[in-house]
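K.L.:
Below: one structure in structure tokens.
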Amino acid sequence: MLHNLFIGELAERLSRREISSVELTRHFLSRIERLNPALNAFITLTGDQALGSAAAADARLGRGERGPLLGIPLIHKDIFCTDGVKTTCGSRMLDNFIAPYDATVVTRLKGAGTVMLGKSNMDEFAMGSSNETSYYGPVKNPWDTAKVPGGSSGGSAAATAARLAPLATGTDTGGSIRQPAALTGVTGLKPTYGRVSRYGMIAFASSLDQAGVFARSAGDAAAALQVMAGFDPRDSTSVDVPVPDYSKTLSQPLKGMKIGLLREFFADLEPRNAALLEDALSIFTGLGAETREVSLPHLPLSVPTYYVVAPAECSSNLSRFDGVRYGYRCENPKDLMDLYKRSRGEGFGAEVKRRIMTGTYVLSAGYFDAYYLKAQKARRLITDDFRSAFEKVDLVIGPTTPTPAFDIGAKMNDPVLMYLNDIYTIGANLAGLPGVSVPCGFVDGLPMGLQLIGPHFAEAKLLNAAHQYQQATDWHTHAPRGYES
Amino acid sequence: MSLTRQDVEKIAHLARLSITAQEMPVYVSSLSSIVDFVDELSRTDTEGVVPMAHPLDGQHQRLRADVVSESDTHEKYQLNAPAVTAGLYVVPRVIE
């Protein structure tokens, strides 16, 4: 079936003109129509527009043009601005917002000939680890619809796992690509801070946010990153570092690669999660990699550090939503202060308000040094730990999440418990490092992921290791029941 | 509770957020638990550590040439505004 093929195989069929992009697009649109009602993975569907883009891709193919993504359908997380298409960021605040321009990620993928099927559901303003904070309702995990898909890019993850598209974009501020990738059994790549442009990507925490991608294999993620990565003068955090050809190094042997086992990650691991990682380690050593233990003594500080830095930056970024220039405005404001307060109070959901208030508190007079400055110092300690680790090893490995997907509703009343879900992913964001989560087995019939983290701009090495692992295993080929055919 | 209702009311005002009477106790309790949680940082020795504001070393704000690079798109942008008259954003009267 078309939806079980990897992007490379789809591109080959498209280039041989065995299928057309229009046919491929119709195939995925009909799957979405049939399967999405149980998942709620979308906020907006753009079927008509998709068929137009697919016809344009077919015309390019007809002229002899070829490309790894030409004619390939995808889904964009609803955090990316899409010209003329509703862009909500999962919030009531932007329920009426029609983006007036394309994000650079969207422009680049469009230029490569991809076909946007729709905009995926997400935690409101990307704040959440379960996709339950969306104004548009929770996304369900295709492996078990009573479970969360993870967050914040839950819609993109669930849709990729359910084979509603071969590719979906996401963003990762504290784990929002890797954690849902792990919980839905797909491959999720968070590139280095500054590797992919954030122009047109609605800001949450600007020293942490990074765009990335969901796919069903490391090879597919590499093809997408190839197009997404690169310098963009419109993003002041975009870094002008050349983009290597990721496909060239994908199949390099792992012989001699040094992989570090993060002692702090393995310390309190649940036995079944630990067993899956042990299996993965033996695969990597079988492929010629060497493993050794490394320690990041300050890593346990990463969750409290993150929950100071991220809310602080969010409180600043979200001050732009004022009920004046765009977004939700309350009814009958009695004066300007009332307009600001009620537009924001009614337009934002509970978790977003909680984070804005946390951020406002840690930045307020008298508390700035004790919280924000302190967290920035702890962030330096964590980053330095990673730096020393990468003097000894090429990559580090650990679990992506402490547990498989949990029940919808299980952690919604305890924000701190929810925050601890990101315990293994946050470190990479604080240090600006690239990370990838790949499926590594099942616990209670639910997928689990392993995570590889590398030094800055080591995406090629991460994808190489992930790809070789996927050549030696078949965890990434498992489909949730009911979504194979 | 490390934060009082008055603390949260003050924070909500600074953040320009209306919080209903019903929501208030939930925020007092959850914000208190978050503050207690992040307070773990206070037990860490950070003597002499330089605060880190940017995850990559050696990055600095780029400057561009001071030339016009954008065209006037205010009409398109204002399509998203709740209230516009004659190209201006409309808000409640500020000066009587």
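For the structure tokens, the naming scheme is as follows: chains receive sequential letters (A, B, ...) according to their order of presentation, residues are indexed from 1 within each chain, and ligands are indexed from 1 in presentation order.
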Determine, counting only C-alpha atoms, which protein, DNA and RNA residues have an atom within 12 Å of an atom of Ala12 in chain B; residues of the same chain fewer than 3 positions away are not included. Present the result as a CSV table (one decimal) with N, CA and C atoms, in the first residue's frame.
P.N.:
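File produced: part28.csv:
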chain,number,residue,atom,x,y,z
A,315,SER,N,6.5,34.4,28.4
A,315,SER,CA,5.7,35.6,28.9
A,315,SER,C,6.0,36.8,28.1
A,340,TYR,N,-7.2,44.5,27.1
A,340,TYR,CA,-6.0,43.7,27.2
A,340,TYR,C,-6.3,42.4,28.0
A,341,LYS,N,-6.7,42.7,29.2
A,341,LYS,CA,-6.9,41.6,30.2
A,341,LYS,C,-7.9,40.6,29.8
A,342,ARG,N,-9.0,41.0,29.4
A,342,ARG,CA,-10.1,40.0,29.0
A,342,ARG,C,-9.8,39.3,27.7
A,344,ARG,N,-6.9,38.6,26.6
A,344,ARG,CA,-5.8,37.6,26.9
A,344,ARG,C,-6.4,36.5,27.8
A,345,GLY,N,-7.2,36.9,28.8
A,345,GLY,CA,-7.7,36.0,29.8
A,345,GLY,C,-8.7,35.0,29.1
A,353,LYS,N,-1.8,30.4,30.3
A,353,LYS,CA,-1.9,31.4,31.3
A,353,LYS,C,-1.0,31.1,32.5
A,354,ARG,N,-0.9,29.8,32.8
A,354,ARG,CA,0.0,29.3,33.9
A,354,ARG,C,1.4,29.6,33.5
A,355,ARG,N,1.8,29.4,32.3
A,355,ARG,CA,3.2,29.6,31.9
A,355,ARG,C,3.5,31.1,31.8
A,356,ILE,N,2.6,31.9,31.3
A,356,ILE,CA,2.8,33.3,31.2
A,356,ILE,C,3.0,33.9,32.7
A,357,MET,N,2.2,33.4,33.6
A,357,MET,CA,2.3,33.9,35.0
A,357,MET,C,3.5,33.4,35.6
A,358,THR,N,3.9,32.2,35.4
A,358,THR,CA,5.2,31.7,35.9
A,358,THR,C,6.3,32.6,35.4
A,359,GLY,N,6.3,32.8,34.1
A,359,GLY,CA,7.4,33.7,33.5
A,359,GLY,C,7.4,35.1,34.1
A,360,THR,N,6.2,35.6,34.2
A,360,THR,CA,6.1,37.0,34.7
A,360,THR,C,6.6,37.0,36.1
A,361,TYR,N,6.3,36.0,36.9
A,361,TYR,CA,6.8,36.0,38.3
A,361,TYR,C,8.4,35.9,38.4
A,364,SER,N,10.0,39.1,37.5
A,364,SER,CA,9.5,40.4,38.2
A,364,SER,C,10.6,40.9,39.2
B,5,ARG,N,-2.9,34.4,47.3
B,5,ARG,CA,-3.9,34.9,46.3
B,5,ARG,C,-3.5,36.3,45.9
B,6,GLN,N,-3.0,37.1,46.8
B,6,GLN,CA,-2.6,38.5,46.5
B,6,GLN,C,-1.4,38.4,45.5
B,7,ASP,N,-0.5,37.5,45.7
B,7,ASP,CA,0.7,37.4,44.8
B,7,ASP,C,0.2,37.1,43.4
B,8,VAL,N,-0.7,36.1,43.3
B,8,VAL,CA,-1.2,35.7,42.0
B,8,VAL,C,-2.0,36.8,41.3
B,9,GLU,N,-2.8,37.6,42.1
B,9,GLU,CA,-3.5,38.7,41.5
B,9,GLU,C,-2.6,39.7,41.0
B,15,ALA,N,0.8,40.6,34.0
B,15,ALA,CA,0.8,39.8,32.7
B,15,ALA,C,-0.4,40.2,31.9
B,16,ARG,N,-1.2,41.2,32.4
B,16,ARG,CA,-2.4,41.6,31.7
B,16,ARG,C,-3.3,40.4,31.4
B,17,LEU,N,-3.7,39.6,32.4
B,17,LEU,CA,-4.5,38.5,32.3
B,17,LEU,C,-5.7,38.6,33.2
B,18,SER,N,-6.9,38.5,32.8
B,18,SER,CA,-8.1,38.5,33.7
B,18,SER,C,-8.2,37.0,34.1
B,19,ILE,N,-8.3,36.8,35.4
B,19,ILE,CA,-8.4,35.5,36.0
B,19,ILE,C,-9.7,35.5,36.7
B,20,THR,N,-10.6,34.5,36.4
B,20,THR,CA,-11.9,34.5,37.1
B,20,THR,C,-11.7,34.0,38.5
B,23,GLU,N,-11.1,30.4,38.6
B,23,GLU,CA,-9.8,29.9,38.2
B,23,GLU,C,-8.8,30.2,39.3
B,24,MET,N,-9.0,31.2,40.1
B,24,MET,CA,-7.9,31.7,41.0
B,24,MET,C,-7.3,30.7,41.9
B,27,TYR,N,-4.9,28.4,40.2
B,27,TYR,CA,-3.6,29.0,39.9
B,27,TYR,C,-2.7,29.2,41.2
B,28,VAL,N,-3.3,29.6,42.3
B,28,VAL,CA,-2.6,29.8,43.5
B,28,VAL,C,-1.9,28.5,43.8
B,31,LEU,N,0.7,27.4,40.7
B,31,LEU,CA,1.9,28.2,40.6
B,31,LEU,C,2.8,28.0,41.8
K.L.:
Check every residue of chain A for an atom within 8 Å of chain B, counting only C-alpha atoms, and provide those that qualify as an MDAnalysis selection string.
P.N.:
chainID A and resid 96:98 100 193 207:208 236 301 304:305 307:308 315 319 323:329 333:337 339:342 344:346 353:354 356:358 360:361 370:371 373:381 414:416 430:432
K.L.:
Could you check the closest approach to Arg178 in chain A for each of A:Arg34, A:Arg198, A:Lys190, A:Arg13 and tell me which residue wins, using only C-alpha atoms?
P.N.:
A:Lys190
K.L.:
Quick one: distance from CA of Pro404 in chain A to CA of Leu276 in chain A in Å, one decimal?
P.N.:
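Between CA of Pro404 in chain A and CA of Leu276 in chain A the gap is 12.1 Å.
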K.L.:
Run DSSP on the backbone and tell me which residues of range 7-95 of chain B come out as helix (DSSP H, G or I); list them as a ChimeraX atom specification.
P.N.:
/B:7-14,24-43,74-78
K.L.:
Hey, can you spit out that residue selection with C-alpha atoms as a PDB file, in the first residue's frame?
P.N.:
ATOM      1  CA  ASP B   7       0.669  37.405  44.820  1.00  0.00           C
ATOM      2  CA  VAL B   8      -1.176  35.707  41.970  1.00  0.00           C
ATOM      3  CA  GLU B   9      -3.516  38.691  41.534  1.00  0.00           C
ATOM      4  CA  LYS B  10      -0.472  40.937  41.214  1.00  0.00           C
ATOM      5  CA  ILE B  11       1.230  38.592  38.722  1.00  0.00           C
ATOM      6  CA  ALA B  12      -1.966  38.339  36.665  1.00  0.00           C
ATOM      7  CA  HIS B  13      -2.181  42.135  36.559  1.00  0.00           C
ATOM      8  CA  LEU B  14       1.467  42.453  35.444  1.00  0.00           C
ATOM      9  CA  MET B  24      -7.929  31.728  40.993  1.00  0.00           C
ATOM     10  CA  PRO B  25      -7.528  28.960  43.616  1.00  0.00           C
ATOM     11  CA  VAL B  26      -6.278  26.568  40.916  1.00  0.00           C
ATOM     12  CA  TYR B  27      -3.576  29.038  39.900  1.00  0.00           C
ATOM     13  CA  VAL B  28      -2.577  29.805  43.494  1.00  0.00           C
ATOM     14  CA  SER B  29      -2.001  26.131  44.088  1.00  0.00           C
ATOM     15  CA  SER B  30      -0.400  25.168  40.759  1.00  0.00           C
ATOM     16  CA  LEU B  31       1.864  28.223  40.560  1.00  0.00           C
ATOM     17  CA  SER B  32       2.959  27.547  44.146  1.00  0.00           C
ATOM     18  CA  SER B  33       3.880  23.993  43.281  1.00  0.00           C
ATOM     19  CA  ILE B  34       5.812  25.149  40.204  1.00  0.00           C
ATOM     20  CA  VAL B  35       7.702  27.768  42.232  1.00  0.00           C
ATOM     21  CA  ASP B  36       8.529  25.139  44.872  1.00  0.00           C
ATOM     22  CA  PHE B  37       9.706  22.802  42.125  1.00  0.00           C
ATOM     23  CA  VAL B  38      12.024  25.278  40.404  1.00  0.00           C
ATOM     24  CA  ASP B  39      13.311  26.367  43.801  1.00  0.00           C
ATOM     25  CA  GLU B  40      15.525  23.279  43.612  1.00  0.00           C
ATOM     26  CA  LEU B  41      17.870  25.543  41.642  1.00  0.00           C
ATOM     27  CA  SER B  42      18.565  27.606  44.764  1.00  0.00           C
ATOM     28  CA  ARG B  43      20.420  24.628  46.238  1.00  0.00           C
ATOM     29  CA  HIS B  74      -0.529  46.907   5.942  1.00  0.00           C
ATOM     30  CA  GLU B  75      -3.869  46.310   4.269  1.00  0.00           C
ATOM     31  CA  LYS B  76      -3.226  42.585   4.084  1.00  0.00           C
ATOM     32  CA  TYR B  77      -1.968  42.470   7.660  1.00  0.00           C
ATOM     33  CA  GLN B  78      -4.899  44.490   8.954  1.00  0.00           C
TER      34      GLN B  78
END
